[in-house]
Every structure is written in structure tokens, then in C-alpha cells.
>>> print(open('work_31.txt').read())   # compact mmCIF, N, CA and C atoms
# COMPACT_ATOMS: atom_id res chain seq x y z
N MET A 73 16.36 32.26 -23.76
CA MET A 73 16.58 32.88 -25.03
C MET A 73 17.88 32.31 -25.62
N ILE A 74 17.80 31.84 -26.83
CA ILE A 74 18.97 31.28 -27.50
C ILE A 74 19.45 32.30 -28.53
N VAL A 75 20.74 32.68 -28.39
CA VAL A 75 21.32 33.67 -29.31
C VAL A 75 22.73 33.27 -29.67
N LYS A 76 23.27 33.88 -30.72
CA LYS A 76 24.66 33.67 -31.09
C LYS A 76 25.53 34.38 -30.06
N SER A 77 26.73 33.88 -29.85
CA SER A 77 27.61 34.44 -28.82
C SER A 77 27.95 35.91 -29.07
N GLY A 78 27.99 36.35 -30.29
CA GLY A 78 28.31 37.73 -30.59
C GLY A 78 27.10 38.66 -30.63
N GLU A 79 25.91 38.11 -30.38
CA GLU A 79 24.68 38.90 -30.47
C GLU A 79 23.88 38.85 -29.17
N LEU A 80 24.56 39.03 -28.04
CA LEU A 80 23.89 38.96 -26.75
C LEU A 80 22.94 40.14 -26.57
N PRO A 81 21.76 39.91 -25.97
CA PRO A 81 20.83 41.01 -25.73
C PRO A 81 21.28 41.86 -24.55
N ARG A 82 20.72 43.06 -24.46
CA ARG A 82 20.95 43.89 -23.28
C ARG A 82 20.08 43.38 -22.15
N ILE A 83 20.54 43.55 -20.93
CA ILE A 83 19.79 43.11 -19.74
C ILE A 83 19.71 44.30 -18.80
N GLU A 84 18.52 44.89 -18.67
CA GLU A 84 18.38 46.09 -17.85
C GLU A 84 17.02 46.14 -17.16
N LYS A 85 16.95 46.96 -16.09
CA LYS A 85 15.70 47.19 -15.38
C LYS A 85 15.11 48.57 -15.68
N ASP A 86 15.89 49.44 -16.29
CA ASP A 86 15.43 50.77 -16.70
C ASP A 86 15.57 50.84 -18.22
N ILE A 87 14.47 51.19 -18.91
CA ILE A 87 14.53 51.22 -20.36
C ILE A 87 14.04 52.57 -20.89
N ASN A 88 14.71 53.05 -21.93
CA ASN A 88 14.29 54.25 -22.66
C ASN A 88 13.50 53.79 -23.87
N THR A 89 12.31 54.36 -24.04
CA THR A 89 11.40 53.86 -25.06
C THR A 89 10.75 55.00 -25.83
N THR A 90 10.16 54.63 -26.95
CA THR A 90 9.21 55.49 -27.67
C THR A 90 7.88 54.77 -27.59
N ILE A 91 6.84 55.48 -27.14
CA ILE A 91 5.54 54.85 -26.93
C ILE A 91 4.47 55.54 -27.76
N CYS A 92 3.62 54.73 -28.38
CA CYS A 92 2.42 55.20 -29.05
C CYS A 92 1.26 54.90 -28.10
N TRP A 93 0.62 55.95 -27.59
CA TRP A 93 -0.39 55.80 -26.55
C TRP A 93 -1.77 55.59 -27.15
N MET A 94 -2.51 54.56 -26.66
CA MET A 94 -3.80 54.20 -27.24
C MET A 94 -4.95 54.21 -26.24
N ASP A 95 -4.70 54.64 -25.01
CA ASP A 95 -5.72 54.61 -23.96
C ASP A 95 -6.31 56.00 -23.77
N SER A 96 -7.58 56.05 -23.37
CA SER A 96 -8.21 57.35 -23.10
C SER A 96 -7.68 57.97 -21.81
N LYS A 97 -7.17 57.12 -20.88
CA LYS A 97 -6.49 57.65 -19.68
C LYS A 97 -5.10 58.10 -20.09
N LYS A 98 -4.67 59.25 -19.62
CA LYS A 98 -3.36 59.79 -20.00
C LYS A 98 -2.23 58.99 -19.35
N LEU A 99 -1.13 58.91 -20.05
CA LEU A 99 0.08 58.28 -19.52
C LEU A 99 0.85 59.34 -18.74
N VAL A 100 1.01 59.13 -17.44
CA VAL A 100 1.74 60.08 -16.59
C VAL A 100 2.76 59.31 -15.75
N ALA A 101 3.77 60.03 -15.30
CA ALA A 101 4.82 59.43 -14.47
C ALA A 101 4.20 58.91 -13.17
N GLY A 102 4.72 57.77 -12.70
CA GLY A 102 4.28 57.17 -11.45
C GLY A 102 3.22 56.10 -11.62
N THR A 103 2.61 56.01 -12.80
CA THR A 103 1.57 55.01 -13.04
C THR A 103 2.19 53.64 -13.27
N LYS A 104 1.52 52.60 -12.78
CA LYS A 104 2.02 51.23 -12.95
C LYS A 104 1.28 50.52 -14.08
N TYR A 105 2.04 49.77 -14.85
CA TYR A 105 1.51 48.97 -15.96
C TYR A 105 2.25 47.64 -15.99
N ILE A 106 1.76 46.74 -16.80
CA ILE A 106 2.47 45.50 -17.08
C ILE A 106 3.09 45.65 -18.46
N VAL A 107 4.37 45.39 -18.55
CA VAL A 107 5.06 45.37 -19.85
C VAL A 107 5.04 43.93 -20.33
N GLN A 108 4.45 43.70 -21.50
CA GLN A 108 4.52 42.36 -22.10
C GLN A 108 5.51 42.45 -23.26
N HIS A 109 6.63 41.77 -23.06
CA HIS A 109 7.72 41.74 -24.04
C HIS A 109 7.86 40.31 -24.49
N ASN A 110 7.46 40.03 -25.72
CA ASN A 110 7.35 38.66 -26.22
C ASN A 110 6.39 37.89 -25.31
N THR A 111 6.81 36.83 -24.65
CA THR A 111 5.90 36.08 -23.77
C THR A 111 6.08 36.46 -22.30
N ASN A 112 7.03 37.34 -22.00
CA ASN A 112 7.29 37.74 -20.61
C ASN A 112 6.42 38.91 -20.20
N ARG A 113 5.94 38.85 -18.97
CA ARG A 113 5.20 39.97 -18.39
C ARG A 113 5.93 40.45 -17.15
N VAL A 114 6.15 41.77 -17.08
CA VAL A 114 6.91 42.37 -15.99
C VAL A 114 6.14 43.59 -15.49
N LEU A 115 6.02 43.72 -14.16
CA LEU A 115 5.40 44.90 -13.58
C LEU A 115 6.32 46.09 -13.81
N ALA A 116 5.75 47.22 -14.23
CA ALA A 116 6.55 48.39 -14.58
C ALA A 116 5.92 49.66 -14.03
N LYS A 117 6.78 50.66 -13.84
CA LYS A 117 6.34 51.98 -13.38
C LYS A 117 6.88 53.02 -14.35
N ILE A 118 6.03 53.93 -14.78
CA ILE A 118 6.47 54.99 -15.67
C ILE A 118 7.33 55.96 -14.86
N ASP A 119 8.59 56.09 -15.24
CA ASP A 119 9.52 56.96 -14.53
C ASP A 119 9.36 58.41 -14.98
N SER A 120 9.34 58.62 -16.29
CA SER A 120 9.16 59.99 -16.79
C SER A 120 8.68 59.98 -18.24
N VAL A 121 7.92 61.02 -18.58
CA VAL A 121 7.55 61.30 -19.96
C VAL A 121 8.38 62.50 -20.36
N LYS A 122 9.25 62.33 -21.35
CA LYS A 122 10.20 63.39 -21.70
C LYS A 122 9.63 64.38 -22.72
N ASN A 123 9.02 63.85 -23.78
CA ASN A 123 8.50 64.73 -24.82
C ASN A 123 7.49 64.00 -25.69
N THR A 124 6.81 64.77 -26.54
CA THR A 124 5.95 64.18 -27.56
C THR A 124 6.62 64.40 -28.91
N ILE A 125 6.40 63.46 -29.80
CA ILE A 125 6.98 63.52 -31.13
C ILE A 125 5.87 63.88 -32.11
N SER A 126 6.07 64.93 -32.87
CA SER A 126 5.06 65.37 -33.84
C SER A 126 4.96 64.38 -34.98
N THR A 127 3.75 64.05 -35.38
CA THR A 127 3.56 63.09 -36.46
C THR A 127 3.79 63.70 -37.84
N ASP A 128 3.95 65.03 -37.90
CA ASP A 128 4.24 65.68 -39.19
C ASP A 128 5.74 65.94 -39.37
N TYR A 129 6.55 65.28 -38.54
CA TYR A 129 8.02 65.36 -38.61
C TYR A 129 8.56 66.76 -38.30
N SER A 130 7.79 67.58 -37.58
CA SER A 130 8.26 68.94 -37.27
C SER A 130 9.11 68.98 -36.00
N GLY A 131 9.32 67.86 -35.34
CA GLY A 131 10.19 67.83 -34.17
C GLY A 131 9.48 67.31 -32.94
N THR A 132 10.01 67.71 -31.78
CA THR A 132 9.47 67.25 -30.50
C THR A 132 9.11 68.45 -29.62
N LYS A 133 8.23 68.20 -28.64
CA LYS A 133 7.88 69.21 -27.63
C LYS A 133 8.03 68.56 -26.27
N GLU A 134 8.52 69.33 -25.30
CA GLU A 134 8.59 68.80 -23.94
C GLU A 134 7.19 68.49 -23.46
N ALA A 135 7.06 67.40 -22.67
CA ALA A 135 5.76 67.00 -22.17
C ALA A 135 5.92 66.25 -20.85
N THR A 136 4.86 66.19 -20.09
CA THR A 136 4.84 65.41 -18.85
C THR A 136 3.80 64.31 -18.91
N GLN A 137 3.06 64.22 -20.02
CA GLN A 137 2.05 63.18 -20.17
C GLN A 137 1.81 62.92 -21.66
N LEU A 138 1.21 61.76 -21.94
CA LEU A 138 0.80 61.42 -23.30
C LEU A 138 -0.71 61.21 -23.30
N SER A 139 -1.38 61.79 -24.27
CA SER A 139 -2.82 61.58 -24.45
C SER A 139 -3.02 60.56 -25.56
N ILE A 140 -4.27 60.15 -25.76
CA ILE A 140 -4.58 59.16 -26.78
C ILE A 140 -4.04 59.59 -28.15
N ASN A 141 -3.46 58.65 -28.86
CA ASN A 141 -2.87 58.82 -30.20
C ASN A 141 -1.62 59.68 -30.23
N GLU A 142 -1.02 59.98 -29.08
CA GLU A 142 0.24 60.72 -29.08
C GLU A 142 1.41 59.74 -29.00
N ILE A 143 2.54 60.16 -29.54
CA ILE A 143 3.77 59.38 -29.51
C ILE A 143 4.80 60.18 -28.73
N GLY A 144 5.53 59.51 -27.84
CA GLY A 144 6.51 60.24 -27.06
C GLY A 144 7.62 59.36 -26.52
N ASP A 145 8.65 60.03 -26.02
CA ASP A 145 9.79 59.34 -25.40
C ASP A 145 9.52 59.20 -23.91
N VAL A 146 9.62 57.96 -23.41
CA VAL A 146 9.25 57.64 -22.04
C VAL A 146 10.31 56.74 -21.42
N THR A 147 10.64 56.99 -20.15
CA THR A 147 11.55 56.12 -19.40
C THR A 147 10.70 55.25 -18.47
N ILE A 148 11.00 53.95 -18.45
CA ILE A 148 10.24 52.99 -17.66
C ILE A 148 11.17 52.23 -16.72
N LYS A 149 10.74 52.06 -15.47
CA LYS A 149 11.46 51.22 -14.50
C LYS A 149 10.72 49.90 -14.39
N LEU A 150 11.46 48.79 -14.45
CA LEU A 150 10.88 47.45 -14.42
C LEU A 150 11.15 46.78 -13.07
N SER A 151 10.26 45.88 -12.66
CA SER A 151 10.43 45.18 -11.39
C SER A 151 11.49 44.09 -11.48
N LYS A 152 11.78 43.61 -12.69
CA LYS A 152 12.87 42.65 -12.89
C LYS A 152 13.50 42.92 -14.24
N ALA A 153 14.72 42.47 -14.39
CA ALA A 153 15.48 42.75 -15.62
C ALA A 153 14.82 42.11 -16.83
N LEU A 154 14.95 42.80 -17.95
CA LEU A 154 14.40 42.36 -19.22
C LEU A 154 15.55 42.10 -20.19
N TYR A 155 15.48 41.04 -20.96
CA TYR A 155 16.47 40.72 -21.98
C TYR A 155 15.92 41.25 -23.30
N PHE A 156 16.59 42.24 -23.90
CA PHE A 156 16.03 42.89 -25.08
C PHE A 156 17.13 43.41 -26.00
N ASP A 157 16.71 43.76 -27.20
CA ASP A 157 17.56 44.45 -28.17
C ASP A 157 16.88 45.78 -28.49
N ALA A 158 17.64 46.72 -29.00
CA ALA A 158 17.03 47.96 -29.48
C ALA A 158 16.14 47.62 -30.67
N TYR A 159 15.01 48.31 -30.79
CA TYR A 159 14.07 48.05 -31.87
C TYR A 159 14.74 48.21 -33.24
N ASN A 160 15.65 49.16 -33.36
CA ASN A 160 16.34 49.38 -34.63
C ASN A 160 17.21 48.20 -35.05
N HIS A 161 17.66 47.38 -34.09
CA HIS A 161 18.51 46.24 -34.40
C HIS A 161 17.73 44.94 -34.54
N ASN A 162 16.66 44.78 -33.77
CA ASN A 162 15.88 43.54 -33.79
C ASN A 162 14.43 43.88 -33.44
N LYS A 163 13.61 44.03 -34.45
CA LYS A 163 12.23 44.49 -34.24
C LYS A 163 11.42 43.57 -33.33
N SER A 164 11.57 42.27 -33.46
CA SER A 164 10.76 41.36 -32.64
C SER A 164 11.19 41.36 -31.17
N ASN A 165 12.45 41.64 -30.89
CA ASN A 165 12.94 41.64 -29.51
C ASN A 165 13.08 43.07 -28.95
N GLY A 166 12.60 44.06 -29.71
CA GLY A 166 12.70 45.43 -29.26
C GLY A 166 11.36 46.12 -29.10
N ALA A 167 10.27 45.36 -29.23
CA ALA A 167 8.93 45.93 -29.11
C ALA A 167 8.20 45.30 -27.93
N PHE A 168 7.21 46.02 -27.41
CA PHE A 168 6.42 45.52 -26.28
C PHE A 168 5.07 46.22 -26.27
N ILE A 169 4.17 45.73 -25.41
CA ILE A 169 2.91 46.43 -25.18
C ILE A 169 2.80 46.76 -23.69
N LEU A 170 2.07 47.82 -23.39
CA LEU A 170 1.77 48.19 -22.01
C LEU A 170 0.33 47.81 -21.71
N ILE A 171 0.14 47.06 -20.63
CA ILE A 171 -1.19 46.59 -20.24
C ILE A 171 -1.59 47.29 -18.95
N ASP A 172 -2.79 47.87 -18.95
CA ASP A 172 -3.32 48.54 -17.76
C ASP A 172 -3.59 47.49 -16.69
N VAL A 173 -3.05 47.70 -15.50
CA VAL A 173 -3.17 46.72 -14.41
C VAL A 173 -4.62 46.59 -13.96
N ALA A 174 -5.37 47.70 -13.93
CA ALA A 174 -6.74 47.67 -13.42
C ALA A 174 -7.73 47.07 -14.40
N THR A 175 -7.58 47.38 -15.70
CA THR A 175 -8.58 46.93 -16.68
C THR A 175 -8.11 45.79 -17.57
N ASN A 176 -6.82 45.49 -17.54
CA ASN A 176 -6.22 44.43 -18.37
C ASN A 176 -6.35 44.71 -19.87
N THR A 177 -6.45 46.00 -20.24
CA THR A 177 -6.51 46.37 -21.65
C THR A 177 -5.15 46.84 -22.14
N THR A 178 -4.92 46.74 -23.42
CA THR A 178 -3.69 47.23 -24.01
C THR A 178 -3.77 48.76 -24.06
N ALA A 179 -2.87 49.41 -23.35
CA ALA A 179 -2.90 50.87 -23.24
C ALA A 179 -1.95 51.54 -24.23
N GLY A 180 -0.91 50.84 -24.64
CA GLY A 180 0.05 51.42 -25.58
C GLY A 180 1.01 50.38 -26.12
N VAL A 181 1.72 50.79 -27.17
CA VAL A 181 2.77 49.95 -27.73
C VAL A 181 4.08 50.72 -27.63
N GLY A 182 5.16 49.99 -27.44
CA GLY A 182 6.44 50.65 -27.24
C GLY A 182 7.56 50.03 -28.04
N PHE A 183 8.58 50.85 -28.24
CA PHE A 183 9.77 50.46 -28.98
C PHE A 183 10.98 50.85 -28.14
N ILE A 184 11.83 49.89 -27.84
CA ILE A 184 12.98 50.13 -26.97
C ILE A 184 14.11 50.75 -27.76
N LYS A 185 14.72 51.77 -27.17
CA LYS A 185 15.85 52.47 -27.84
C LYS A 185 17.16 51.79 -27.50
>>> encode(input="work_31.txt", output="C-alpha cells")
Amino acid sequence: MIVKSGELPRIEKDINTTICWMDSKKLVAGTKYIVQHNTNRVLAKIDSVKNTISTDYSGTKEATQLSINEIGDVTIKLSKALYFDAYNHNKSNGAFILIDVATNTTAGVGFIK
């Protein structure tokens, strides 16, 4: 990755994200997925689902899982460090997709905080 010296990306193995879930299987803690961030693929484990975000802007509710078409705050542990920016600062380097390991389908899209 080529960047300006004053704009170095963050390098971490644990990421806080907002995820839009698109799979009929629920997103629950402990499940393994592949995170595809730009051209990199990294094995990942869902650490926790913190809450769901209401689409009518009424706030958040505590949750332990995400169902299809739900949006929520999720913590993910990665098998190797990822070079990224927060989505609010750099949209192309702050977004990713989650790929189901068993079916190889896109299960969700995520935005790094």
C-alpha cells in the first residue's frame, strides 16, 4: 500500500465495525468468515454483536445476533493484521465484505469504525 507519510493506515487484528447483514443464516458470535478488504482476504471470527441500529433513526437496541437485512455494531477478530482507515475518513479503504466459509457467498458488508 502506497500512502503519504502523514496519512498512514491503522494496522490491527481486532476491528470495530458496522455490518449490514444479507444472509439468511444469522450472524452470531463465534462464527468464522472471510473478510475481503480490497484485494486481501483474511480469516475472521465474530467476537461479539453489540447492538442493532434502527433504520428509522430511532436509536439502537442491544443484540446478540443479526438477522437478514439488519444493521448492527460488531467486533471482529482477524487471523492477521489488516491495514485500513476508518470508513468516515477513506471509504474505499474502510469497507469490506464478509464471505461465508462454507458456501463462499457474500454474507454481509461492513464499514470499519
>>> select_by_dssp(input="work_31.txt", residues="region 76-185 of chain A", states="strand (DSSP E or B)", output="PyMOL selection string")
chain A and resi 82-93+99-100+104-109+112-125+132-134+137-138+143-156+167-172+178-184
>>> closest_residue(input="work_31.txt", among="A:Asn141, A:Thr178, A:Thr147, A:Ser96", to="Lys122 (chain A)", atoms="all atoms listed in the file")
A:Thr147
>>> residues_around(input="work_31.txt", residues="Trp93 (chain A)", least_positions_apart="6", cutoff="8 Å", atoms="only N, CA and C atoms", output="PDB file with N, CA and C atoms, in the coordinates of the input")
ATOM      1  N   LEU A  99      -1.130  58.910 -20.050  1.00  0.00           N
ATOM      2  CA  LEU A  99       0.080  58.280 -19.520  1.00  0.00           C
ATOM      3  C   LEU A  99       0.850  59.340 -18.740  1.00  0.00           C
ATOM      4  N   LEU A 138       1.210  61.760 -21.940  1.00  0.00           N
ATOM      5  CA  LEU A 138       0.800  61.420 -23.300  1.00  0.00           C
ATOM      6  C   LEU A 138      -0.710  61.210 -23.300  1.00  0.00           C
ATOM      7  N   SER A 139      -1.380  61.790 -24.270  1.00  0.00           N
ATOM      8  CA  SER A 139      -2.820  61.580 -24.450  1.00  0.00           C
ATOM      9  C   SER A 139      -3.020  60.560 -25.560  1.00  0.00           C
ATOM     10  N   ILE A 140      -4.270  60.150 -25.760  1.00  0.00           N
ATOM     11  CA  ILE A 140      -4.580  59.160 -26.780  1.00  0.00           C
ATOM     12  C   ILE A 140      -4.040  59.590 -28.150  1.00  0.00           C
ATOM     13  N   ASN A 141      -3.460  58.650 -28.860  1.00  0.00           N
ATOM     14  CA  ASN A 141      -2.870  58.820 -30.200  1.00  0.00           C
ATOM     15  C   ASN A 141      -1.620  59.680 -30.230  1.00  0.00           C
ATOM     16  N   GLU A 142      -1.020  59.980 -29.080  1.00  0.00           N
ATOM     17  CA  GLU A 142       0.240  60.720 -29.080  1.00  0.00           C
ATOM     18  C   GLU A 142       1.410  59.740 -29.000  1.00  0.00           C
ATOM     19  N   ILE A 143       2.540  60.160 -29.540  1.00  0.00           N
ATOM     20  CA  ILE A 143       3.770  59.380 -29.510  1.00  0.00           C
ATOM     21  C   ILE A 143       4.800  60.180 -28.730  1.00  0.00           C
ATOM     22  N   GLY A 144       5.530  59.510 -27.840  1.00  0.00           N
ATOM     23  CA  GLY A 144       6.510  60.240 -27.060  1.00  0.00           C
ATOM     24  C   GLY A 144       7.620  59.360 -26.520  1.00  0.00           C
ATOM     25  N   THR A 178      -4.920  46.740 -23.420  1.00  0.00           N
ATOM     26  CA  THR A 178      -3.690  47.230 -24.010  1.00  0.00           C
ATOM     27  C   THR A 178      -3.770  48.760 -24.060  1.00  0.00           C
ATOM     28  N   ALA A 179      -2.870  49.410 -23.350  1.00  0.00           N
ATOM     29  CA  ALA A 179      -2.900  50.870 -23.240  1.00  0.00           C
ATOM     30  C   ALA A 179      -1.950  51.540 -24.230  1.00  0.00           C
ATOM     31  N   GLY A 180      -0.910  50.840 -24.640  1.00  0.00           N
ATOM     32  CA  GLY A 180       0.050  51.420 -25.580  1.00  0.00           C
ATOM     33  C   GLY A 180       1.010  50.380 -26.120  1.00  0.00           C
ATOM     34  N   VAL A 181       1.720  50.790 -27.170  1.00  0.00           N
ATOM     35  CA  VAL A 181       2.770  49.950 -27.730  1.00  0.00           C
ATOM     36  C   VAL A 181       4.080  50.720 -27.630  1.00  0.00           C
ATOM     37  N   GLY A 182       5.160  49.990 -27.440  1.00  0.00           N
ATOM     38  CA  GLY A 182       6.440  50.650 -27.240  1.00  0.00           C
ATOM     39  C   GLY A 182       7.560  50.030 -28.040  1.00  0.00           C
TER      40      GLY A 182
END
>>> atom_distance(input="work_31.txt", atom1="atom N of Val114 (chain A)", atom2="CA of Asp86 (chain A)")
12.9 Å
>>> residues_around(input="work_31.txt", residues="region 74-85 of chain A", least_positions_apart="4", cutoff="6.5 Å", atoms="all atoms listed in the file", output="list in words")
Ile148, Lys149, Leu150, Ser151, Lys152, Ala153, Leu154, Tyr155, Phe156 and Asp157 of chain A
>>> write_last_selection(input="work_31.txt", atoms="N, CA and C atoms", output="PDB file, keeping the file's coordinate frame")
ATOM      1  N   ILE A 148      11.000  53.950 -18.450  1.00  0.00           N
ATOM      2  CA  ILE A 148      10.240  52.990 -17.660  1.00  0.00           C
ATOM      3  C   ILE A 148      11.170  52.230 -16.720  1.00  0.00           C
ATOM      4  N   LYS A 149      10.740  52.060 -15.470  1.00  0.00           N
ATOM      5  CA  LYS A 149      11.460  51.220 -14.500  1.00  0.00           C
ATOM      6  C   LYS A 149      10.720  49.900 -14.390  1.00  0.00           C
ATOM      7  N   LEU A 150      11.460  48.790 -14.450  1.00  0.00           N
ATOM      8  CA  LEU A 150      10.880  47.450 -14.420  1.00  0.00           C
ATOM      9  C   LEU A 150      11.150  46.780 -13.070  1.00  0.00           C
ATOM     10  N   SER A 151      10.260  45.880 -12.660  1.00  0.00           N
ATOM     11  CA  SER A 151      10.430  45.180 -11.390  1.00  0.00           C
ATOM     12  C   SER A 151      11.490  44.090 -11.480  1.00  0.00           C
ATOM     13  N   LYS A 152      11.780  43.610 -12.690  1.00  0.00           N
ATOM     14  CA  LYS A 152      12.870  42.650 -12.890  1.00  0.00           C
ATOM     15  C   LYS A 152      13.500  42.920 -14.240  1.00  0.00           C
ATOM     16  N   ALA A 153      14.720  42.470 -14.390  1.00  0.00           N
ATOM     17  CA  ALA A 153      15.480  42.750 -15.620  1.00  0.00           C
ATOM     18  C   ALA A 153      14.820  42.110 -16.830  1.00  0.00           C
ATOM     19  N   LEU A 154      14.950  42.800 -17.950  1.00  0.00           N
ATOM     20  CA  LEU A 154      14.400  42.360 -19.220  1.00  0.00           C
ATOM     21  C   LEU A 154      15.550  42.100 -20.190  1.00  0.00           C
ATOM     22  N   TYR A 155      15.480  41.040 -20.960  1.00  0.00           N
ATOM     23  CA  TYR A 155      16.470  40.720 -21.980  1.00  0.00           C
ATOM     24  C   TYR A 155      15.920  41.250 -23.300  1.00  0.00           C
ATOM     25  N   PHE A 156      16.590  42.240 -23.900  1.00  0.00           N
ATOM     26  CA  PHE A 156      16.030  42.890 -25.080  1.00  0.00           C
ATOM     27  C   PHE A 156      17.130  43.410 -26.000  1.00  0.00           C
ATOM     28  N   ASP A 157      16.710  43.760 -27.200  1.00  0.00           N
ATOM     29  CA  ASP A 157      17.560  44.450 -28.170  1.00  0.00           C
ATOM     30  C   ASP A 157      16.880  45.780 -28.490  1.00  0.00           C
TER      31      ASP A 157
END
>>> atom_distance(input="work_31.txt", atom1="atom C of Lys133 (chain A)", atom2="atom C of Lys97 (chain A)")
17.9 Å
>>> residues_around(input="work_31.txt", residues="Val173 (chain A)", least_positions_apart="6", cutoff="6 Å", atoms="all atoms listed in the file", output="PyMOL selection string")
chain A and resi 104-106
